[in-house]
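Engineer: Data: coords.txt, compact mmCIF, C-alpha atoms.
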# COMPACT_ATOMS: atom_id res chain seq x y z
CA MET A 436 -12.38 7.53 -6.01
CA ILE A 437 -12.05 3.75 -6.29
CA THR A 438 -15.14 1.54 -6.29
CA ILE A 439 -14.98 -2.23 -5.89
CA GLU A 440 -18.24 -3.95 -6.69
CA SER A 441 -19.02 -7.58 -5.85
CA ILE A 442 -15.74 -9.07 -7.06
CA ASN A 443 -15.02 -12.78 -6.84
CA LYS A 444 -11.76 -14.65 -7.28
CA HIS A 445 -10.85 -18.36 -7.06
CA PHE A 446 -7.46 -20.02 -6.93
CA GLY A 447 -8.31 -23.60 -7.80
CA ASP A 448 -10.99 -24.75 -5.37
CA LYS A 449 -10.32 -21.90 -2.92
CA HIS A 450 -12.71 -18.93 -3.10
CA VAL A 451 -10.21 -16.19 -2.14
CA LEU A 452 -12.44 -13.13 -2.61
CA VAL A 453 -16.17 -13.63 -2.03
CA ASP A 454 -18.49 -10.93 -3.38
CA VAL A 455 -16.20 -8.15 -2.07
CA SER A 456 -17.43 -4.55 -2.32
CA LEU A 457 -15.69 -1.42 -1.04
CA GLU A 458 -15.50 2.32 -1.73
CA ILE A 459 -12.22 4.20 -1.25
CA PHE A 460 -12.71 7.94 -0.97
CA GLU A 461 -10.44 10.64 -2.32
CA GLY A 462 -7.90 11.95 0.17
CA GLU A 463 -8.47 9.33 2.87
CA THR A 464 -6.14 6.75 4.37
CA LEU A 465 -7.91 3.39 4.35
CA ALA A 466 -6.44 0.39 6.14
CA ILE A 467 -7.46 -3.01 4.77
CA ILE A 468 -6.91 -5.42 7.63
CA GLY A 469 -7.21 -9.13 8.19
CA ARG A 470 -5.29 -12.28 9.03
CA SER A 471 -2.58 -13.70 6.78
CA GLY A 472 -4.22 -15.44 3.85
CA SER A 473 -7.49 -13.55 4.21
CA GLY A 474 -7.28 -12.04 0.73
CA LYS A 475 -5.84 -8.57 1.46
CA THR A 476 -2.99 -8.66 -1.05
CA VAL A 477 -5.15 -10.33 -3.69
CA LEU A 478 -7.59 -7.45 -3.33
CA MET A 479 -4.74 -4.96 -3.76
CA LYS A 480 -3.68 -6.65 -7.00
CA HIS A 481 -7.23 -6.29 -8.30
CA ILE A 482 -7.22 -2.58 -7.49
CA ILE A 483 -4.27 -1.94 -9.82
CA GLY A 484 -5.29 -4.46 -12.45
CA LEU A 485 -2.59 -7.06 -11.81
CA MET A 486 -5.44 -9.55 -11.39
CA GLN A 487 -8.89 -9.61 -12.92
CA PRO A 488 -12.01 -10.73 -11.06
CA GLU A 489 -14.14 -13.59 -12.33
CA SER A 490 -17.17 -11.38 -11.70
CA GLY A 491 -17.79 -7.87 -10.46
CA ARG A 492 -15.72 -4.82 -11.34
CA VAL A 493 -13.13 -2.33 -10.14
CA THR A 494 -13.64 1.31 -11.11
CA VAL A 495 -10.93 3.97 -10.77
CA ASP A 496 -12.20 7.53 -11.20
CA GLY A 497 -15.12 6.24 -13.24
CA THR A 498 -13.08 3.87 -15.45
CA ASP A 499 -13.76 0.13 -15.27
CA ILE A 500 -10.16 -1.08 -15.39
CA ASN A 501 -11.14 -4.57 -16.55
CA ARG A 502 -12.84 -3.24 -19.69
CA ILE A 503 -10.04 -1.15 -21.16
CA SER A 504 -7.03 -1.91 -23.36
CA TYR A 505 -3.63 -2.67 -21.89
CA THR A 506 -2.36 0.71 -23.10
CA GLU A 507 -5.19 2.46 -21.28
CA LEU A 508 -4.59 0.33 -18.18
CA ARG A 509 -0.96 1.46 -18.13
CA ARG A 510 -2.18 5.05 -18.07
CA VAL A 511 -4.44 4.28 -15.11
CA ARG A 512 -1.60 2.52 -13.29
CA ARG A 513 0.52 5.66 -13.56
CA GLN A 514 -1.88 7.19 -11.04
CA PHE A 515 -0.71 4.59 -8.50
CA GLY A 516 2.45 4.32 -6.46
CA VAL A 517 3.05 0.97 -4.79
CA LEU A 518 5.21 0.09 -1.80
CA PHE A 519 5.58 -3.69 -1.95
CA GLN A 520 6.00 -5.74 1.20
CA GLY A 521 9.72 -6.37 0.82
CA GLY A 522 10.43 -3.06 -0.88
CA ALA A 523 11.18 -4.86 -4.18
CA LEU A 524 14.22 -2.73 -4.97
CA PHE A 525 16.37 -3.72 -7.94
CA ASP A 526 19.44 -5.26 -6.30
CA SER A 527 21.72 -4.30 -9.21
CA LEU A 528 20.78 -0.60 -9.05
CA SER A 529 21.82 2.02 -6.50
CA ALA A 530 19.22 3.76 -4.36
CA PHE A 531 19.38 6.73 -6.75
CA GLU A 532 18.85 4.55 -9.82
CA ASN A 533 15.97 2.71 -8.14
CA VAL A 534 14.13 5.99 -7.58
CA ALA A 535 15.07 7.21 -11.05
CA PHE A 536 13.78 4.04 -12.72
CA PRO A 537 10.11 5.08 -13.14
CA LEU A 538 11.20 8.56 -14.27
CA ARG A 539 13.46 7.09 -16.95
CA THR A 540 10.80 4.55 -17.99
CA PHE A 541 7.63 6.63 -18.04
CA THR A 542 8.71 10.24 -18.60
CA SER A 543 10.77 12.27 -21.08
CA MET A 544 12.73 14.09 -18.36
CA ASP A 545 16.34 14.92 -19.14
CA GLU A 546 19.14 13.88 -16.79
CA ARG A 547 19.24 17.22 -14.97
CA GLU A 548 15.51 17.02 -14.24
CA ILE A 549 15.79 13.39 -13.10
CA ILE A 550 18.62 14.21 -10.68
CA LYS A 551 16.58 17.04 -9.20
CA GLU A 552 13.42 14.93 -8.86
CA VAL A 553 15.23 11.96 -7.29
CA HIS A 554 16.83 14.30 -4.75
CA ILE A 555 13.38 15.69 -3.87
CA CYS A 556 11.93 12.19 -3.43
CA LEU A 557 14.82 10.99 -1.25
CA GLU A 558 14.51 14.16 0.82
CA MET A 559 10.82 13.36 1.42
CA VAL A 560 11.84 10.11 3.13
CA ASP A 561 14.84 11.64 4.94
CA LEU A 562 17.46 9.73 2.94
CA VAL A 563 19.21 12.43 0.91
CA ASP A 564 22.67 10.90 1.50
CA VAL A 565 22.06 7.28 0.42
CA GLY A 566 21.72 7.72 -3.35
CA SER A 567 25.02 6.01 -4.13
CA LYS A 568 24.41 3.02 -1.85
CA MET A 569 23.30 -0.38 -3.13
CA PRO A 570 20.26 -2.13 -1.56
CA ALA A 571 22.56 -4.66 0.15
CA GLU A 572 24.12 -1.77 2.09
CA LEU A 573 20.78 -0.56 3.45
CA SER A 574 18.84 -1.66 6.52
CA GLY A 575 15.33 -3.06 6.15
CA GLY A 576 13.77 0.24 7.13
CA MET A 577 15.98 2.20 4.74
CA LYS A 578 15.08 -0.13 1.88
CA LYS A 579 11.40 0.53 2.48
CA ARG A 580 12.01 4.27 2.59
CA VAL A 581 13.90 4.17 -0.73
CA ALA A 582 11.06 2.07 -2.17
CA LEU A 583 8.62 4.69 -0.89
CA ALA A 584 10.64 7.44 -2.58
CA ARG A 585 10.38 5.44 -5.81
CA ALA A 586 6.63 4.98 -5.29
CA VAL A 587 6.02 8.74 -5.18
CA ALA A 588 8.40 9.66 -8.02
CA LEU A 589 5.62 9.90 -10.63
CA LYS A 590 3.43 12.00 -8.31
CA PRO A 591 0.62 9.45 -8.02
CA ARG A 592 -2.94 10.15 -6.90
CA TYR A 593 -3.07 6.87 -4.99
CA ILE A 594 -0.41 5.06 -2.96
CA LEU A 595 -0.81 1.38 -2.09
CA TYR A 596 1.18 0.02 0.85
CA ASP A 597 1.48 -3.77 1.19
CA GLU A 598 2.38 -4.57 4.82
CA PRO A 599 4.64 -1.49 5.11
CA THR A 600 5.79 -2.25 8.68
CA SER A 601 6.19 -6.02 8.29
CA GLY A 602 9.50 -7.28 9.67
CA LEU A 603 10.50 -3.94 11.16
CA ASP A 604 11.27 -3.11 14.79
CA PRO A 605 8.81 -0.82 16.61
CA GLU A 606 10.92 2.33 16.25
CA THR A 607 11.39 1.85 12.50
CA SER A 608 7.71 0.96 12.12
CA ASN A 609 6.80 4.27 13.77
CA THR A 610 9.10 6.06 11.31
CA ILE A 611 7.31 4.44 8.36
CA ASP A 612 3.91 5.34 9.86
CA GLU A 613 4.99 8.96 10.22
CA LEU A 614 6.19 9.02 6.61
CA ILE A 615 2.87 7.62 5.40
CA LYS A 616 0.97 10.30 7.30
CA GLY A 617 3.30 13.04 6.14
CA LEU A 618 3.26 12.04 2.46
CA THR A 619 -0.53 11.66 2.45
CA ASP A 620 -0.84 15.29 3.55
CA GLN A 621 2.12 16.67 1.62
CA LEU A 622 1.18 15.09 -1.72
CA ASN A 623 -2.59 15.19 -1.21
CA VAL A 624 -2.90 11.50 -2.12
CA THR A 625 -5.29 8.71 -1.25
CA SER A 626 -3.50 6.00 0.75
CA ILE A 627 -4.52 2.34 0.90
CA VAL A 628 -2.63 0.34 3.52
CA ILE A 629 -2.77 -3.46 3.49
CA THR A 630 -1.81 -4.60 6.97
CA HIS A 631 -2.49 -6.72 10.02
CA ASP A 632 -0.60 -4.26 12.26
CA MET A 633 -3.26 -2.58 14.39
CA HIS A 634 -0.73 -0.19 15.90
CA SER A 635 -0.21 1.27 12.42
CA VAL A 636 -3.94 1.27 11.69
CA LEU A 637 -4.72 3.29 14.81
CA SER A 638 -1.84 5.67 14.06
CA ILE A 639 -2.46 6.51 10.42
CA ALA A 640 -5.90 5.45 9.15
CA ASP A 641 -9.15 7.36 8.75
CA ARG A 642 -11.12 4.15 8.15
CA ALA A 643 -10.54 0.42 8.32
CA ALA A 644 -11.98 -2.48 6.33
CA LEU A 645 -11.73 -6.02 7.71
CA ILE A 646 -11.55 -8.96 5.32
CA TYR A 647 -12.52 -12.22 6.99
CA MET A 648 -12.41 -15.54 5.13
CA GLY A 649 -12.43 -13.72 1.80
CA ARG A 650 -15.43 -11.53 2.60
CA MET A 651 -15.59 -7.84 3.40
CA HIS A 652 -16.78 -8.31 6.97
CA TRP A 653 -16.64 -4.82 8.48
CA VAL A 654 -15.97 -1.25 7.27
CA GLY A 655 -15.95 1.85 9.45
CA SER A 656 -14.08 4.80 10.87
CA ILE A 657 -11.37 4.40 13.49
CA GLN A 658 -13.76 5.91 16.03
CA GLU A 659 -16.35 3.25 15.09
CA LEU A 660 -13.67 0.59 15.37
CA HIS A 661 -12.98 1.61 18.96
CA SER A 662 -16.66 1.34 19.89
CA SER A 663 -17.67 -1.66 17.78
CA ASP A 664 -19.22 -4.73 19.40
CA ASP A 665 -18.49 -6.91 16.35
CA GLN A 666 -16.96 -10.06 17.82
CA ILE A 667 -14.83 -11.02 14.81
CA LEU A 668 -13.39 -7.51 14.58
CA ASN A 669 -12.71 -7.30 18.31
CA ASP A 670 -11.06 -10.73 18.35
CA PHE A 671 -8.73 -9.64 15.53
CA VAL A 672 -7.82 -6.38 17.26
CA LYS A 673 -7.21 -8.05 20.63
CA ALA A 674 -5.07 -10.81 19.09
CA ASN A 675 -2.93 -8.23 17.33
CA GLU A 676 -2.54 -6.12 20.47
CA TYR A 677 -1.38 -9.23 22.32
CA GLN A 678 1.28 -9.87 19.66
CA ILE A 679 2.49 -6.25 19.94
CA GLY A 680 2.77 -6.48 23.72
CA ASN A 681 4.28 -9.97 23.71
CA PRO A 682 6.69 -10.25 20.78
CA LYS A 683 7.91 -13.73 19.92
CA GLU A 684 11.45 -14.52 20.91
CA GLU A 685 13.86 -15.03 18.00
Hey, can you dump this file as structure tokens for me?

Structural biologist:
Amino acid sequence: MITIESINKHFGDKHVLVDVSLEIFEGETLAIIGRSGSGKTVLMKHIIGLMQPESGRVTVDGTDINRISYTELRRVRRQFGVLFQGGALFDSLSAFENVAFPLRTFTSMDEREIIKEVHICLEMVDLVDVGSKMPAELSGGMKKRVALARAVALKPRYILYDEPTSGLDPETSNTIDELIKGLTDQLNVTSIVITHDMHSVLSIADRAALIYMGRMHWVGSIQELHSSDDQILNDFVKANEYQIGNPKEE
């Protein structure tokens, strides 16, 4: 379980996170939604200790991650897999070597074990035949799937997704959504999805949390989202549905 208690963060004069509190329950898929610049990604970075709050605290399974040593923080981070917005693959490494990277860095596996584990991870994302390819040879959707295989390589308890469907066509976005749902069940992980894509939210999430102007404005189940009369929430949902139904011309 992850508990976020009254955290605040400034960048210069801008108050990016304002007294934000949130509980993330074991085994759920939580979507953190909001407009661009609302503070979603900044909140994600606090969850894994890449940023520290000016006040408040973040607790992972009972450990306040801002009050431990860097060595201890590294141990906590090993419980997390992260799919970054652009995939963040190493351009100089093949798909195989990208997935193998955390295994080589954080485990004592021998080469035979690494080969087996990488194959399993690529199979999870339906990309068993792309191990030898370089990132430049992969489509946007394939890059994200390889990055997802890398994110699960260390068998994390939590997976963080930063805008997993951003920049993808609807069909590929649906593929990523299905993978998120499948891996959440298959690996018994807690999934935290940072997104403004309501189609994905309605497809994969158990609950949603809306950040508005740096504040945690609304938290509830998907059923409660459908029936909510909160004007700010409904305006966000309707605006996103309009964008889905009326894509901008390139």

Engineer: Just want the 7 Å neighbourhood of Leu557 in chain A, counted on all atoms listed in the file, with same-chain residues fewer than 6 positions away dropped. Output as a count of residues only.

Structural biologist: 3

Engineer: Return the single residue from A:Ile555, A:Ile549, A:Val624, A:Leu637 that is closest to Ile594 in chain A, with distances computed using all atoms listed in the file.

Structural biologist: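 So, comparing all the options, the nearest one is A:Val624.
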
Engineer: Expressed in Å to a single decimal, how great is the separation between CA of Ile657 in chain A and CA of Asp632 in chain A?

Structural biologist: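 Taking CA of Ile657 in chain A as the start and CA of Asp632 in chain A as the end point, the length is 13.9 Å.
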
Engineer: For a quick check of understanding, using all atoms listed in the file, which of A:Gln514, A:Gly575, A:Tyr505, A:Ser567 has the smallest distance to Val534 in chain A?

Structural biologist: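 Nearest to Val534 in chain A: A:Ser567.
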
Engineer: Separation of CA of Ala640 in chain A and CA of Met479 in chain A, in Å?

Structural biologist: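 Separation of CA of Ala640 in chain A and CA of Met479 in chain A: 16.6 Å.
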
Engineer: Have a look at A:Asn623, A:Ser473, A:Thr506, A:Gln487 and name the one nearest to Glu461 in chain A; count only C-alpha atoms.

Structural biologist: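 Result for the nearest residue to Glu461 in chain A: A:Asn623.
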
Engineer: Between CA of Ser456 in chain A and CA of Leu595 in chain A, what is the spacing in Å?

Structural biologist: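 One can read the CA of Leu595 in chain A to CA of Ser456 in chain A distance as 17.6 Å.
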
Engineer: Please identify all polymer residues within 12 Å of Gly516 in chain A, counting all atoms listed in the file, omitting same-chain residues fewer than 4 positions from it, and present them as a ChimeraX atom specification.

Structural biologist: /A:482-483,511-512,534,537,582-597,618-619,622,624-628
